[in-house]
Amino acid sequence: MHTPLGLTADELALTARAREFSINIVRPRAAAIDREEQYPFDIVKALTEAGFMGMTIPREYGGQGRSFLDAVLVIEEMAKSCTVSARIVVEANMGAISTVMAYGTEAQKRLAATLVLSGDKPAICITEPAAGSDATAMTTRADKRGDIYVINGRKHWITGAGVSKLHLIFARIFDERGAEQGIGGFIAVREEAKGLRVARREQTMGLRGMPEGELVFENLEIPASMALVPPSGFARGFADLMNAYNSQRVGAGTVAMGVAAGALEHALAYVKEREQFGRPIGEFQGLQWMLADMQIELNAARLMLYAAARSRGPDGSAFPDPMLAAQAKIFASEAAIRIVNDALQMFGARGYSRELPLERMARDVRMFTIGGGTAQVLRTLVAAKMLGWKLPQTRDGYVKDMPLSRFAAE
Ligand SMILES: Cc1cc2nc3c(=O)[nH]c(=O)nc-3n(C[C@H](O)[C@H](O)[C@H](O)COP(=O)(O)OP(=O)(O)OC[C@H]3O[C@@H](n4cnc5c(N)ncnc54)[C@H](O)[C@@H]3O)c2cc1C
């Protein structure tokens with residue numbers, strides 16, 4: 001059986017199960033998670049028991065071998081109730097865990113799978129104070145010393161800082177002679193790893209139950225066996241590792257879309273019930289057309305995310321197509337901000353009250369055009385693929401990277 005959105009009976013059953021979990025277990029806790037700014041370990045335990053943590057992990061490692069689309073369906077349902085819980089499902093099925101499961105050694109995969117399947121939400125550590133969109137400007141370094149790497153540096157805005165156990169840390173690699181080898185990923189387990197410190201927690205606008213923090217690495221020793229070596233080796237490995245990030249982008253876009261879907265559900269119920277001028281406000285065409293536009297944008301975002309989740313990147317990649325993932329994240333994150341804003345508007349003053357979830361949703365959803373590649377940087381990626389050019393962002397980039405003959409011809 002296929003629905004208008006192309007979901008199978010199995011996918012619909014999974015959606016229904018996730019929806020029930022979201023309404024009964026997650027929704028009653030959502031306001032308190034935001035107010036108390038505490039990571040919801042109780043929800044994580046329930047998610048683990050329900051099999052929503054690590055469901056994309058292959059069966060031979062204890063997971064269910066589910067697809068990214070399955071994860072997307074669950075994430076949307078969680079996001080309708082609680083953005084933080086939805087982000088936990090993203091990071092327990094996409095991002096760092098999918099990277100390790102794709103490129104890791106047997107030991108790395110077993111370690112990562114065991115942690116996630118027992119309820120850990122991994123942390124992915126790329127961004128630094130002076131290296132945000134320009135991630136390759138990172139200065140965190142990993143120096144080879146015999147059979148270990150010694151990591152020194154600083155990362156900030158790391159999701160799950162202080163609560164995540166599994167960390168995938170990106171660093172510039174130097175061999176024993178001090179020669180640079182490229183940017184690679186290193187697997188560390190907090191509490192077991194001496195030299196990994198949470199320096200501070202960011203004071204965030206929304207998503208307050210999820211700690212975002214600054215991590216400092218001081219002579220953090222990682223066994224060489226915990227270096228994640230992607231298929232193209234260290235020299236070009238950053239591109240492979242970032243390719244894995246396309247799953248995370250689809251997940252982040254889905255969280256935004258799910259928050260918007262939740263806000264729209266609230267608004268739809270309210271416009272039927274609230275009366276002004278002697279009739280339900282839903283009878284006013286001004287609001288009807290807003291509702292229709294919200295629904296159109298929501299479904300467009302949903303279809304783009306489904307398509308991206310189902311896609312595969314070039315050369316048999318295990319990850320979504322970068323073009324589809326980037327377009328879906330840009331569209332979904334921007335549409336979601338508009339939809340949530342309009343839903344809040346339909347509640348009048350009540351929408352502005354902390355007694356209803358709309359203001360929380362508006363704060364939470366604002367993040368998704370920023371984290372995981374900003375809307376501007378992703379547009380550059382889309383344009384670069386359209387043009388078939390590498391679009392370096394540095395001032396001397398074109399001169400450095402482009403054959404000059406191309407300019408002479410113009
Ligand atoms: C809630 C949250 C969670 C996060 N979680 C993580 C995490 O777990 N791990 C992690 O590593 N990072 C994480 N990040 C960091 C995130 O990936 C970065 O914030 C993002 O990549 C942008 O970097 P920046 O904040 O330094 O902004 P900047 O790079 O300083 O950008 C500032 C502005 O300039 C624009 N800009 C920059 N370069 C260009 C360009 N070439 N063309 C056009 N516009 C440009 C940007 O779009 C933006 O509007 C998180 C961020 C947030 C907000």
# chains A, B, ... in the order shown; residues from 1 in each chain; ligands from 1

call {"tool": "residues_around", "arguments": {"residues": "Gly372 (chain A)", "least_positions_apart": "6", "cutoff": "9 Å", "atoms": "only C-alpha atoms", "output": "PyMOL selection string"}}
result
chain A and resi 245+248-249+252

call {"tool": "residues_near_ligand", "arguments": {"ligand": "ligand 1", "cutoff": "7 Å", "atoms": "only C-alpha atoms and all ligand atoms", "output": "PyMOL selection string"}}
result
chain A and resi 123-127+129-134+156-159+212+367+370-377+380+393

call {"tool": "write_last_selection", "arguments": {"atoms": "C-alpha atoms", "output": "PDB file, in the first residue's frame"}}
result
ATOM      1  CA  ALA A 123      28.574  14.450  19.887  1.00  0.00           C
ATOM      2  CA  ILE A 124      30.174  15.626  16.660  1.00  0.00           C
ATOM      3  CA  CYS A 125      32.929  18.175  17.224  1.00  0.00           C
ATOM      4  CA  ILE A 126      33.816  20.341  14.232  1.00  0.00           C
ATOM      5  CA  THR A 127      33.133  24.036  14.957  1.00  0.00           C
ATOM      6  CA  PRO A 129      35.670  29.854  17.775  1.00  0.00           C
ATOM      7  CA  ALA A 130      37.566  30.974  14.640  1.00  0.00           C
ATOM      8  CA  ALA A 131      36.345  28.197  12.316  1.00  0.00           C
ATOM      9  CA  GLY A 132      32.566  28.168  11.836  1.00  0.00           C
ATOM     10  CA  SER A 133      31.358  28.119   8.229  1.00  0.00           C
ATOM     11  CA  ASP A 134      35.024  27.977   7.291  1.00  0.00           C
ATOM     12  CA  HIS A 156      32.436  25.341  20.702  1.00  0.00           C
ATOM     13  CA  TRP A 157      28.682  24.947  20.191  1.00  0.00           C
ATOM     14  CA  ILE A 158      29.010  21.201  20.593  1.00  0.00           C
ATOM     15  CA  THR A 159      25.584  19.622  21.013  1.00  0.00           C
ATOM     16  CA  GLU A 212      25.538  23.283  23.791  1.00  0.00           C
ATOM     17  CA  MET A 367      18.193  27.500  15.043  1.00  0.00           C
ATOM     18  CA  ILE A 370      22.254  28.154  11.404  1.00  0.00           C
ATOM     19  CA  GLY A 371      23.497  24.816  12.809  1.00  0.00           C
ATOM     20  CA  GLY A 372      24.808  22.102  10.505  1.00  0.00           C
ATOM     21  CA  GLY A 373      25.685  24.494   7.659  1.00  0.00           C
ATOM     22  CA  THR A 374      24.023  27.912   7.440  1.00  0.00           C
ATOM     23  CA  ALA A 375      21.384  28.658   4.807  1.00  0.00           C
ATOM     24  CA  GLN A 376      23.916  30.900   3.044  1.00  0.00           C
ATOM     25  CA  VAL A 377      26.744  28.373   2.984  1.00  0.00           C
ATOM     26  CA  THR A 380      26.796  28.263  -2.085  1.00  0.00           C
ATOM     27  CA  GLN A 393      35.226  31.605  -0.407  1.00  0.00           C
TER      28      GLN A 393
END

call {"tool": "select_by_dssp", "arguments": {"residues": "region 201-241 of chain A", "states": "alpha helix (DSSP H)", "output": "list in words"}}
result
Gly237, Phe238, Ala239, Asp240 and Leu241 of chain A

call {"tool": "write_last_selection", "arguments": {"atoms": "C-alpha atoms", "output": "compact mmCIF listing (two decimals), in the first residue's frame"}}
result
# COMPACT_ATOMS: atom_id res chain seq x y z
CA GLY A 237 39.20 12.42 4.08
CA PHE A 238 37.51 15.58 5.32
CA ALA A 239 35.26 15.56 2.25
CA ASP A 240 34.21 11.96 3.02
CA LEU A 241 33.58 12.79 6.65

call {"tool": "atom_distance", "arguments": {"atom1": "CA of Ala193 (chain A)", "atom2": "CA of Lys144 (chain A)"}}
result
16.7 Å

call {"tool": "residues_around", "arguments": {"residues": "region 253-265 of chain A", "least_positions_apart": "5", "cutoff": "7 Å", "atoms": "only C-alpha atoms", "output": "list in words"}}
result
Val72, Ile75, Glu76, Glu77, Ala79, Lys80, Ser81, Thr83, Ala86, Arg87, Leu298, Ala301, Arg302, Leu305, Ala328, Lys329, Ala332, Ser333, Ala336, Ile339, Val340, Ala343, Leu358, Met361, Val365 and Phe368 of chain A

call {"tool": "residues_around", "arguments": {"residues": "region 114-118 of chain A", "least_positions_apart": "3", "cutoff": "7 Å", "atoms": "only C-alpha atoms", "output": "PDB file with N, CA and C atoms, in the first residue's frame"}}
result
ATOM      1  N   THR A  48      15.128   4.696  24.121  1.00  0.00           N
ATOM      2  CA  THR A  48      15.987   3.512  23.989  1.00  0.00           C
ATOM      3  C   THR A  48      15.143   2.244  24.076  1.00  0.00           C
ATOM      4  N   MET A  53      16.530   4.721  19.482  1.00  0.00           N
ATOM      5  CA  MET A  53      17.943   5.112  19.506  1.00  0.00           C
ATOM      6  C   MET A  53      18.713   4.047  18.719  1.00  0.00           C
ATOM      7  N   GLY A  54      19.481   4.473  17.737  1.00  0.00           N
ATOM      8  CA  GLY A  54      20.306   3.523  16.981  1.00  0.00           C
ATOM      9  C   GLY A  54      19.539   2.610  16.056  1.00  0.00           C
ATOM     10  N   ALA A  92      21.172  10.130  17.328  1.00  0.00           N
ATOM     11  CA  ALA A  92      21.332   8.706  17.645  1.00  0.00           C
ATOM     12  C   ALA A  92      21.167   7.827  16.405  1.00  0.00           C
ATOM     13  N   ARG A 110      31.653  -1.534  16.822  1.00  0.00           N
ATOM     14  CA  ARG A 110      31.077  -2.221  17.996  1.00  0.00           C
ATOM     15  C   ARG A 110      30.972  -1.245  19.167  1.00  0.00           C
ATOM     16  N   LEU A 111      32.027  -0.443  19.375  1.00  0.00           N
ATOM     17  CA  LEU A 111      32.024   0.525  20.478  1.00  0.00           C
ATOM     18  C   LEU A 111      30.872   1.522  20.307  1.00  0.00           C
ATOM     19  N   LYS A 121      23.664   9.667  23.077  1.00  0.00           N
ATOM     20  CA  LYS A 121      23.527  10.533  21.908  1.00  0.00           C
ATOM     21  C   LYS A 121      24.922  11.068  21.601  1.00  0.00           C
TER      22      LYS A 121
END

call {"tool": "closest_residue", "arguments": {"among": "A:Lys155, A:Arg360, A:Arg312, A:Arg354", "to": "Ala135 (chain A)", "atoms": "only C-alpha atoms"}}
result
A:Lys155

call {"tool": "closest_residue", "arguments": {"among": "A:Val74, A:Ala32, A:Ile187, A:Ala325", "to": "Leu168 (chain A)", "atoms": "only C-alpha atoms"}}
result
A:Ile187

call {"tool": "residues_around", "arguments": {"residues": "Leu207 (chain A)", "least_positions_apart": "5", "cutoff": "7 Å", "atoms": "only C-alpha atoms", "output": "ChimeraX atom specification"}}
result
/A:34,83-84,364

call {"tool": "residues_around", "arguments": {"residues": "Met290 (chain A)", "least_positions_apart": "5", "cutoff": "12 Å", "atoms": "only C-alpha atoms", "output": "JSON, numbers by chain"}}
result
{"A": [264, 267, 268, 271, 282, 284, 285, 295, 296, 297, 338, 339, 340, 341, 342, 343, 344, 345, 346]}

call {"tool": "atom_distance", "arguments": {"atom1": "CA of Gly51 (chain A)", "atom2": "CA of Gly162 (chain A)"}}
result
23.7 Å

call {"tool": "atom_distance", "arguments": {"atom1": "CA of Arg141 (chain A)", "atom2": "CA of Phe170 (chain A)"}}
result
8.5 Å
